[in-house]
file model_22.csv (CSV, C-alpha atoms)
chain,number,residue,atom,x,y,z
F,19,MET,CA,23.9,19.9,-9.9
F,20,ILE,CA,20.3,19.2,-10.8
F,21,ASN,CA,18.2,22.4,-10.8
F,22,PHE,CA,14.5,21.7,-10.7
F,23,ASP,CA,12.1,24.4,-9.6
F,24,ILE,CA,10.1,22.1,-7.4
F,25,VAL,CA,8.4,24.9,-5.4
F,26,GLY,CA,7.6,27.0,-8.4
F,27,LYS,CA,6.0,24.0,-10.2
F,28,ARG,CA,4.1,22.9,-7.1
F,29,LYS,CA,0.7,23.2,-8.8
F,30,ILE,CA,1.6,20.3,-11.1
F,31,SER,CA,2.5,18.1,-8.2
F,32,PHE,CA,-0.6,19.1,-6.3
F,33,THR,CA,-2.8,18.3,-9.4
F,34,ILE,CA,-1.2,14.8,-9.8
F,35,SER,CA,-1.9,14.0,-6.1
F,36,LEU,CA,-5.4,15.4,-6.4
F,37,ILE,CA,-6.2,13.2,-9.4
F,38,VAL,CA,-5.0,10.1,-7.7
F,39,LEU,CA,-6.9,10.9,-4.5
F,40,LEU,CA,-10.1,11.6,-6.4
F,41,ALA,CA,-9.7,8.3,-8.3
F,42,GLY,CA,-9.5,6.5,-5.0
F,43,ILE,CA,-12.6,8.3,-3.6
F,44,ILE,CA,-14.6,7.6,-6.8
F,45,GLY,CA,-13.4,4.0,-6.9
F,46,PHE,CA,-14.4,3.5,-3.3
F,47,ILE,CA,-17.9,4.9,-4.0
F,48,ILE,CA,-18.4,2.7,-7.0
F,49,ASN,CA,-16.6,-0.5,-6.1
F,50,GLY,CA,-16.3,-0.2,-2.3
F,51,ILE,CA,-13.5,-2.1,-0.7
F,52,GLN,CA,-12.9,-5.8,-1.0
F,53,LEU,CA,-12.1,-7.5,2.4
F,54,ASP,CA,-10.3,-10.8,2.5
F,55,ILE,CA,-11.5,-13.7,4.6
F,56,GLN,CA,-9.3,-12.6,7.5
F,57,PHE,CA,-11.3,-9.4,7.9
F,58,GLN,CA,-14.8,-10.5,7.1
F,59,GLY,CA,-14.7,-14.1,8.3
F,60,GLY,CA,-15.8,-17.2,6.4
F,61,THR,CA,-14.5,-20.5,5.1
F,62,ILE,CA,-11.4,-21.4,3.1
F,63,ILE,CA,-11.4,-24.6,1.1
F,64,GLN,CA,-8.3,-26.0,-0.5
F,65,ILE,CA,-8.5,-28.9,-2.9
F,66,GLN,CA,-5.8,-30.7,-4.8
F,67,MET,CA,-6.3,-30.6,-8.5
F,68,PRO,CA,-5.1,-33.4,-10.9
F,69,ASP,CA,-3.0,-31.0,-13.0
F,70,GLU,CA,-2.5,-27.3,-13.8
F,71,ASP,CA,-4.9,-27.3,-16.7
F,72,PHE,CA,-7.9,-25.7,-15.0
F,73,ASN,CA,-9.4,-22.2,-15.1
F,74,SER,CA,-10.2,-20.8,-11.6
F,75,ASP,CA,-12.4,-18.1,-13.1
F,76,GLU,CA,-14.5,-20.7,-14.8
F,77,ILE,CA,-14.7,-22.9,-11.7
F,78,GLN,CA,-15.7,-19.8,-9.7
F,79,THR,CA,-18.6,-19.1,-12.1
F,80,VAL,CA,-19.8,-22.7,-12.2
F,81,ILE,CA,-19.9,-23.1,-8.4
F,82,SER,CA,-21.3,-19.7,-7.7
F,83,GLU,CA,-24.2,-20.3,-10.1
F,84,ALA,CA,-24.8,-23.9,-8.8
F,85,LEU,CA,-25.0,-22.7,-5.1
F,86,GLY,CA,-26.4,-19.2,-5.7
F,87,LYS,CA,-23.6,-17.8,-3.4
F,88,ASN,CA,-20.6,-15.6,-3.9
F,89,ILE,CA,-17.5,-17.8,-4.2
F,90,VAL,CA,-13.9,-16.6,-4.9
F,91,ALA,CA,-11.6,-19.2,-6.6
F,92,ASN,CA,-7.9,-18.9,-6.9
F,93,LYS,CA,-5.3,-21.2,-8.6
F,94,LEU,CA,-2.2,-22.0,-6.5
F,95,GLU,CA,0.9,-24.1,-6.8
F,96,THR,CA,2.7,-25.4,-3.8
F,97,ILE,CA,6.0,-27.3,-3.3
F,98,THR,CA,5.9,-30.8,-1.9
F,99,ALA,CA,8.6,-32.6,-0.1
F,100,LYS,CA,7.9,-35.8,-2.0
F,101,GLU,CA,10.7,-36.8,-4.4
F,102,ASP,CA,8.4,-37.9,-7.3
F,103,GLU,CA,6.5,-34.6,-7.6
F,104,ASP,CA,7.8,-31.1,-7.3
F,105,LYS,CA,4.6,-29.2,-7.5
F,106,VAL,CA,1.1,-29.7,-6.3
F,107,ASN,CA,-1.7,-27.8,-8.0
F,108,MET,CA,-4.3,-26.5,-5.6
F,109,LEU,CA,-7.7,-24.8,-6.0
F,110,THR,CA,-8.6,-22.4,-3.2
F,111,LEU,CA,-12.2,-21.5,-2.6
F,112,LYS,CA,-13.1,-18.6,-0.3
F,113,VAL,CA,-16.6,-18.2,1.0
F,114,SER,CA,-17.6,-15.1,3.1
F,115,LYS,CA,-19.3,-15.6,6.5
F,116,ALA,CA,-22.6,-14.3,5.0
F,117,ASP,CA,-22.5,-17.2,2.4
F,118,THR,CA,-21.2,-19.9,4.7
F,119,LEU,CA,-21.7,-23.4,3.1
F,120,THR,CA,-23.8,-26.1,4.6
F,121,THR,CA,-22.6,-29.7,4.6
F,122,GLU,CA,-24.9,-30.4,1.7
F,123,GLU,CA,-23.5,-27.5,-0.3
F,124,LEU,CA,-19.9,-28.5,0.5
F,125,ASN,CA,-20.7,-32.0,-0.8
F,126,LYS,CA,-22.2,-30.4,-3.9
F,127,VAL,CA,-19.0,-28.5,-4.5
F,128,ILE,CA,-16.9,-31.7,-4.3
F,129,ASP,CA,-19.3,-33.5,-6.7
F,130,ILE,CA,-19.0,-30.7,-9.2
F,131,LEU,CA,-15.2,-30.9,-9.0
F,132,HIS,CA,-15.2,-34.6,-9.4
F,133,GLU,CA,-17.6,-34.7,-12.4
F,134,LYS,CA,-16.4,-31.6,-14.4
F,135,TYR,CA,-12.7,-31.2,-13.4
F,136,ASN,CA,-11.6,-34.8,-12.8
F,137,VAL,CA,-10.7,-34.3,-9.1
F,138,GLU,CA,-9.8,-37.6,-7.6
F,139,THR,CA,-12.0,-39.0,-4.8
F,140,ASP,CA,-9.0,-39.2,-2.4
F,141,ALA,CA,-7.6,-35.8,-3.3
F,142,GLU,CA,-6.2,-33.8,-0.5
F,143,MET,CA,-8.7,-31.3,0.9
F,144,ASN,CA,-8.5,-28.8,3.7
F,145,VAL,CA,-11.5,-26.8,5.1
F,146,GLN,CA,-10.7,-23.9,7.5
F,147,ASN,CA,-13.2,-21.6,9.2
F,148,VAL,CA,-11.9,-18.1,9.9
F,149,GLN,CA,-13.4,-15.8,12.5
F,150,PRO,CA,-13.5,-12.1,11.6
F,151,PHE,CA,-12.4,-10.9,15.1
F,152,ILE,CA,-8.8,-12.2,14.3
F,153,GLY,CA,-8.5,-9.8,11.3
F,154,ALA,CA,-10.3,-7.0,13.3
F,155,GLU,CA,-7.7,-7.4,16.1
F,156,LEU,CA,-4.9,-7.3,13.6
F,157,LEU,CA,-6.3,-4.2,11.9
F,158,GLY,CA,-6.7,-2.5,15.2
F,159,ASN,CA,-3.1,-3.2,16.2
F,160,GLY,CA,-1.9,-1.9,12.8
F,161,VAL,CA,-3.9,1.3,13.2
F,162,LYS,CA,-2.5,1.8,16.8
F,163,ALA,CA,1.0,1.2,15.5
F,164,ALA,CA,0.5,3.8,12.7
F,165,ILE,CA,-0.9,6.4,15.2
F,166,LEU,CA,1.9,5.8,17.7
F,167,ALA,CA,4.5,6.1,14.9
F,168,SER,CA,2.9,9.4,13.8
F,169,ILE,CA,3.0,10.9,17.3
F,170,LEU,CA,6.6,9.9,17.7
F,171,ILE,CA,7.5,11.4,14.3
F,172,VAL,CA,5.8,14.7,15.2
F,173,LEU,CA,7.8,14.9,18.5
F,174,TYR,CA,11.1,13.9,16.8
F,175,VAL,CA,10.7,16.3,13.9
F,176,TRP,CA,9.4,19.1,16.2
F,177,LYS,CA,12.5,18.8,18.4
F,178,ARG,CA,15.2,18.2,15.8
F,179,PHE,CA,14.1,20.7,13.2
F,180,SER,CA,13.2,23.6,15.4
F,181,VAL,CA,15.0,25.9,13.0
F,182,MET,CA,12.3,25.0,10.5
F,183,SER,CA,9.5,26.0,12.9
F,184,GLY,CA,9.5,22.4,14.1
F,185,LEU,CA,5.8,21.9,14.6
F,186,SER,CA,4.8,22.9,11.1
F,187,SER,CA,7.5,20.7,9.5
F,188,ALA,CA,6.3,17.8,11.7
F,189,VAL,CA,2.7,18.2,10.8
F,190,ILE,CA,3.5,18.4,7.1
F,191,ALA,CA,5.7,15.2,7.3
F,192,VAL,CA,2.7,13.3,8.9
F,193,LEU,CA,0.3,14.7,6.2
F,194,ALA,CA,2.7,13.3,3.6
F,195,LEU,CA,2.5,9.9,5.2
F,196,VAL,CA,-1.3,10.1,5.2
F,197,HIS,CA,-1.1,11.0,1.5
F,198,ASP,CA,1.1,7.9,0.8
F,199,ALA,CA,-1.2,5.6,2.8
F,200,PHE,CA,-4.2,6.9,0.8
F,201,VAL,CA,-2.4,6.3,-2.5
F,202,MET,CA,-1.8,2.7,-1.5
F,203,PHE,CA,-5.4,2.4,-0.4
F,204,THR,CA,-6.4,3.7,-3.8
F,205,VAL,CA,-4.4,0.9,-5.4
F,206,TYR,CA,-6.2,-1.8,-3.4
F,207,ILE,CA,-9.5,-0.2,-4.4
F,208,LEU,CA,-8.9,0.3,-8.1
F,209,PHE,CA,-7.3,-3.1,-8.7
F,210,ARG,CA,-9.7,-4.9,-6.4
F,211,ILE,CA,-7.0,-6.4,-4.2
F,212,PRO,CA,-8.5,-7.9,-1.1
F,213,VAL,CA,-7.5,-6.1,2.1
F,214,ASN,CA,-5.7,-8.5,4.4
F,215,GLU,CA,-2.8,-8.7,6.8
F,216,SER,CA,-0.5,-7.8,3.8
F,217,PHE,CA,-2.2,-4.4,3.5
F,218,ILE,CA,-1.1,-3.5,7.0
F,219,ALA,CA,2.4,-4.7,6.5
F,220,ALA,CA,2.7,-2.8,3.1
F,221,ILE,CA,1.3,0.5,4.7
F,222,LEU,CA,3.7,0.4,7.6
F,223,THR,CA,6.6,-0.4,5.3
F,224,ILE,CA,5.9,2.6,3.1
F,225,LEU,CA,5.4,4.9,6.0
F,226,GLY,CA,8.8,4.1,7.3
F,227,TYR,CA,10.4,4.5,3.9
F,228,SER,CA,8.6,7.8,3.1
F,229,ILE,CA,9.5,9.5,6.4
F,230,ASN,CA,13.1,8.5,5.9
F,231,ALA,CA,13.2,10.3,2.6
F,232,THR,CA,11.5,13.4,4.1
F,233,ILE,CA,13.9,13.5,7.0
F,234,ILE,CA,16.9,13.6,4.6
F,235,ILE,CA,15.4,16.6,2.8
F,236,TYR,CA,14.6,18.3,6.1
F,237,ASP,CA,18.1,17.8,7.3
F,238,ARG,CA,19.5,19.5,4.2
F,239,ILE,CA,17.1,22.4,4.6
F,240,ARG,CA,18.3,22.8,8.2
F,241,GLU,CA,22.0,22.8,7.1
F,242,ASN,CA,21.4,25.3,4.3
F,243,THR,CA,19.4,27.6,6.6
F,244,GLY,CA,22.7,28.6,8.2
F,245,LEU,CA,24.6,28.7,4.9
F,246,MET,CA,21.9,30.6,2.8
F,247,ARG,CA,20.8,33.3,5.2
F,248,LYS,CA,19.9,35.8,2.5
F,249,ALA,CA,18.0,33.3,0.3
F,250,SER,CA,14.3,33.2,0.1
F,251,LEU,CA,12.3,30.2,1.4
F,252,LYS,CA,11.6,29.1,-2.2
F,253,GLU,CA,15.3,29.2,-3.1
F,254,LEU,CA,16.3,27.5,0.1
F,255,VAL,CA,13.9,24.6,-0.3
F,256,ASN,CA,14.6,24.2,-4.1
F,257,THR,CA,18.3,24.1,-3.4
F,258,SER,CA,18.0,21.6,-0.6
F,259,ILE,CA,15.7,19.3,-2.7
F,260,ASN,CA,18.0,19.4,-5.7
F,261,GLN,CA,21.0,18.6,-3.6
F,262,THR,CA,19.3,15.4,-2.3
F,263,PHE,CA,17.4,14.6,-5.5
F,264,ALA,CA,19.9,12.2,-6.9
F,265,ARG,CA,20.3,10.3,-3.6
F,266,SER,CA,16.5,10.0,-3.2
F,267,ILE,CA,16.0,8.7,-6.7
F,268,ASN,CA,18.9,6.3,-6.5
F,269,THR,CA,17.7,4.9,-3.2
F,270,THR,CA,14.2,4.4,-4.7
F,271,ILE,CA,15.5,2.8,-7.8
F,272,THR,CA,17.6,0.3,-5.8
F,273,THR,CA,14.6,-0.6,-3.6
F,274,PHE,CA,12.2,-0.6,-6.6
F,275,ILE,CA,14.3,-3.1,-8.5
F,276,ALA,CA,14.4,-5.5,-5.5
F,277,VAL,CA,10.6,-5.3,-5.0
F,278,VAL,CA,9.9,-5.7,-8.7
F,279,CYS,CA,12.1,-8.9,-8.8
F,280,VAL,CA,10.1,-10.3,-5.9
F,281,TYR,CA,6.8,-9.4,-7.7
F,282,ILE,CA,8.0,-11.1,-11.0
F,283,PHE,CA,9.0,-14.2,-9.1
F,284,ALA,CA,5.6,-14.3,-7.3
F,285,ALA,CA,3.7,-13.7,-10.5
F,286,ILE,CA,5.7,-16.5,-12.4
F,287,ASN,CA,5.1,-19.0,-9.6
F,288,ASN,CA,1.5,-17.9,-9.0
F,289,ILE,CA,2.1,-16.8,-5.4
F,290,GLN,CA,-1.0,-14.7,-5.0
F,291,SER,CA,-0.3,-13.5,-1.4
F,292,LEU,CA,3.1,-12.2,-2.5
F,293,THR,CA,1.9,-10.4,-5.6
F,294,ASP,CA,-0.9,-8.8,-3.5
F,295,PHE,CA,1.8,-7.5,-1.2
F,296,THR,CA,4.5,-6.4,-3.6
F,297,PHE,CA,2.4,-4.6,-6.2
F,298,PRO,CA,1.0,-2.0,-3.8
F,299,LEU,CA,4.5,-1.7,-2.3
F,300,ILE,CA,5.8,-0.7,-5.8
F,301,ILE,CA,3.2,2.0,-6.1
F,302,GLY,CA,3.9,3.0,-2.5
F,303,LEU,CA,7.6,3.5,-3.2
F,304,ILE,CA,6.8,5.8,-6.1
F,305,SER,CA,4.3,7.7,-4.0
F,306,GLY,CA,6.7,8.0,-1.0
F,307,THR,CA,9.5,9.4,-3.2
F,308,PHE,CA,7.0,11.8,-5.0
F,309,SER,CA,5.6,13.2,-1.7
F,310,SER,CA,9.0,13.7,-0.2
F,311,LEU,CA,10.5,15.4,-3.2
F,312,CYS,CA,7.5,17.3,-4.6
F,313,LEU,CA,5.0,17.9,-1.9
F,314,VAL,CA,6.6,18.3,1.5
F,315,GLY,CA,8.9,21.2,0.6
F,316,PRO,CA,6.4,23.3,-1.3
F,317,VAL,CA,3.7,22.8,1.3
F,318,TRP,CA,6.2,23.9,4.0
F,319,VAL,CA,7.1,27.0,2.0
F,320,MET,CA,3.4,27.9,1.6
F,321,TRP,CA,2.8,27.3,5.4
F,322,GLU,CA,5.7,29.5,6.4
F,323,GLU,CA,4.9,32.3,3.9
F,324,ARG,CA,1.3,32.3,5.0
F,325,LYS,CA,2.5,32.6,8.6
F,326,LYS,CA,4.8,35.4,7.8
F,327,GLY,CA,2.0,37.2,5.9
F,328,LYS,CA,-0.2,37.0,9.0
F,329,LYS,CA,2.5,38.5,11.2
F,330,LEU,CA,3.1,41.4,8.8
F,331,SER,CA,-0.7,42.0,8.6
F,332,SER,CA,-0.9,42.0,12.4
F,333,LYS,CA,2.0,44.5,12.7
F,334,THR,CA,0.5,46.8,10.1
F,335,ALA,CA,-2.8,46.8,11.9
F,336,LYS,CA,-1.2,47.8,15.2
F,337,VAL,CA,0.7,50.7,13.5

call {"tool": "encode", "arguments": {"input": "model_22.csv", "output": "structure tokens"}}
result
Amino acid sequence: MINFDIVGKRKISFTISLIVLLAGIIGFIINGIQLDIQFQGGTIIQIQMPDEDFNSDEIQTVISEALGKNIVANKLETITAKEDEDKVNMLTLKVSKADTLTTEELNKVIDILHEKYNVETDAEMNVQNVQPFIGAELLGNGVKAAILASILIVLYVWKRFSVMSGLSSAVIAVLALVHDAFVMFTVYILFRIPVNESFIAAILTILGYSINATIIIYDRIRENTGLMRKASLKELVNTSINQTFARSINTTITTFIAVVCVYIFAAINNIQSLTDFTFPLIIGLISGTFSSLCLVGPVWVMWEERKKGKKLSSKTAKV
């Protein structure tokens, strides 16, 4: 059986987490957070391009300089139902609500694309205005779902794992979920991924995955509590984690491979929305496994030892 001293090496785990969290905080201070159109409102313009031989970054620079406004350009490929052509190359321009284009500016954009990038005069074009309250409502519902899930997790763990001082194990499990959510948030900040509806879906997915891994370890600790009555808390937790280590890693690898395949497919086919969803999910899988194996157990041991120390101090004071 694997025999890692997870509790004894907890300072290494805590340091790794601290570095990641500090990176997220520093990144947020320096770069802020990039909100997608769904959360800040604005205009989305999709224009059919003549071929795939165009540089979206170059177009973004040219149009932004011509209008003096912040424009975000993305290159997309879509599948058409027509028999003669399999793919349609599209240019997507996103304009925030603060930089909303006037009719004259929109016409200027079209003229630039006609003159410099050979866009046909009858090219397919779609202009869509997005109101920020839609994204705000979605975000609010996502936060409510996360809070409700956390409350239910606390009640469930508190009741089921009473042998582990249920409330402390429940609080630690929720803190691990907050840790995982912040790690994913750090990925969005450092890699400048726009926060949209995919962010909420990714966060909720990882929270469910992470708590499942934590519950498995808790369940083994509960079973071993009756079998290892003379063992110290450190020995009990280390043994329980090592017994479930292979299962946790194998489950993560299986899920990891599936998500990576989706990410590669999306990257090859230039499906930006899918890459923006799966990349943070990959990091979240790693974080969820790490927090369940390396953080939850050691923190619980520290909590319980501190609680026992206070009880002993109280008894000594009374004597």

call {"tool": "atom_distance", "arguments": {"input": "model_22.csv", "atom1": "CA of Leu111 (chain F)", "atom2": "CA of Ile89 (chain F)"}}
result
6.7 Å

call {"tool": "residues_around", "arguments": {"input": "model_22.csv", "residues": "region 305-322 of chain F", "least_positions_apart": "3", "cutoff": "6 Å", "atoms": "all atoms listed in the file", "output": "PyMOL selection string"}}
result
chain F and resi 25+198+228+232+302+325

call {"tool": "residues_around", "arguments": {"input": "model_22.csv", "residues": "Val205 (chain F)", "least_positions_apart": "5", "cutoff": "9 Å", "atoms": "only C-alpha atoms", "output": "list in words"}}
result
Gly42, Phe200, Arg210, Ile211, Phe297, Pro298 and Ile301 of chain F

call {"tool": "closest_residue", "arguments": {"input": "model_22.csv", "among": "F:Phe209, F:Phe179, F:Tyr135, F:Tyr236", "to": "Glu76 (chain F)", "atoms": "all atoms listed in the file"}}
result
F:Tyr135

call {"tool": "residues_around", "arguments": {"input": "model_22.csv", "residues": "Glu215 (chain F)", "least_positions_apart": "4", "cutoff": "9 Å", "atoms": "only C-alpha atoms", "output": "ChimeraX atom specification"}}
result
/F:54,56-57,153,156-157,219-220

call {"tool": "atom_distance", "arguments": {"input": "model_22.csv", "atom1": "CA of Pro68 (chain F)", "atom2": "CA of Lys105 (chain F)"}}
result
11.1 Å

call {"tool": "residues_near_point", "arguments": {"input": "model_22.csv", "point": "(15.8, 18.1, 3.0)", "cutoff": "10 Å", "atoms": "only C-alpha atoms", "output": "number ranges by chain"}}
result
F: 231-242, 254-263, 310-311, 314-315

call {"tool": "atom_distance", "arguments": {"input": "model_22.csv", "atom1": "CA of Val175 (chain F)", "atom2": "CA of Ala188 (chain F)"}}
result
5.1 Å

call {"tool": "closest_residue", "arguments": {"input": "model_22.csv", "among": "F:Leu208, F:Ile190, F:Ile63, F:Ile171", "to": "Ile44 (chain F)", "atoms": "all atoms listed in the file"}}
result
F:Leu208

call {"tool": "closest_residue", "arguments": {"input": "model_22.csv", "among": "F:Ile34, F:Ile24, F:Leu109, F:Ile165", "to": "Glu95 (chain F)", "atoms": "all atoms listed in the file"}}
result
F:Leu109

call {"tool": "residues_around", "arguments": {"input": "model_22.csv", "residues": "Ser216 (chain F)", "least_positions_apart": "3", "cutoff": "9 Å", "atoms": "all atoms listed in the file", "output": "VMD selection string"}}
result
chain F and resid 213 219 to 221 291 to 292 294 to 295

call {"tool": "closest_residue", "arguments": {"input": "model_22.csv", "among": "F:Gln52, F:Gly45, F:Thr110, F:Asn230", "to": "Asp75 (chain F)", "atoms": "all atoms listed in the file"}}
result
F:Thr110
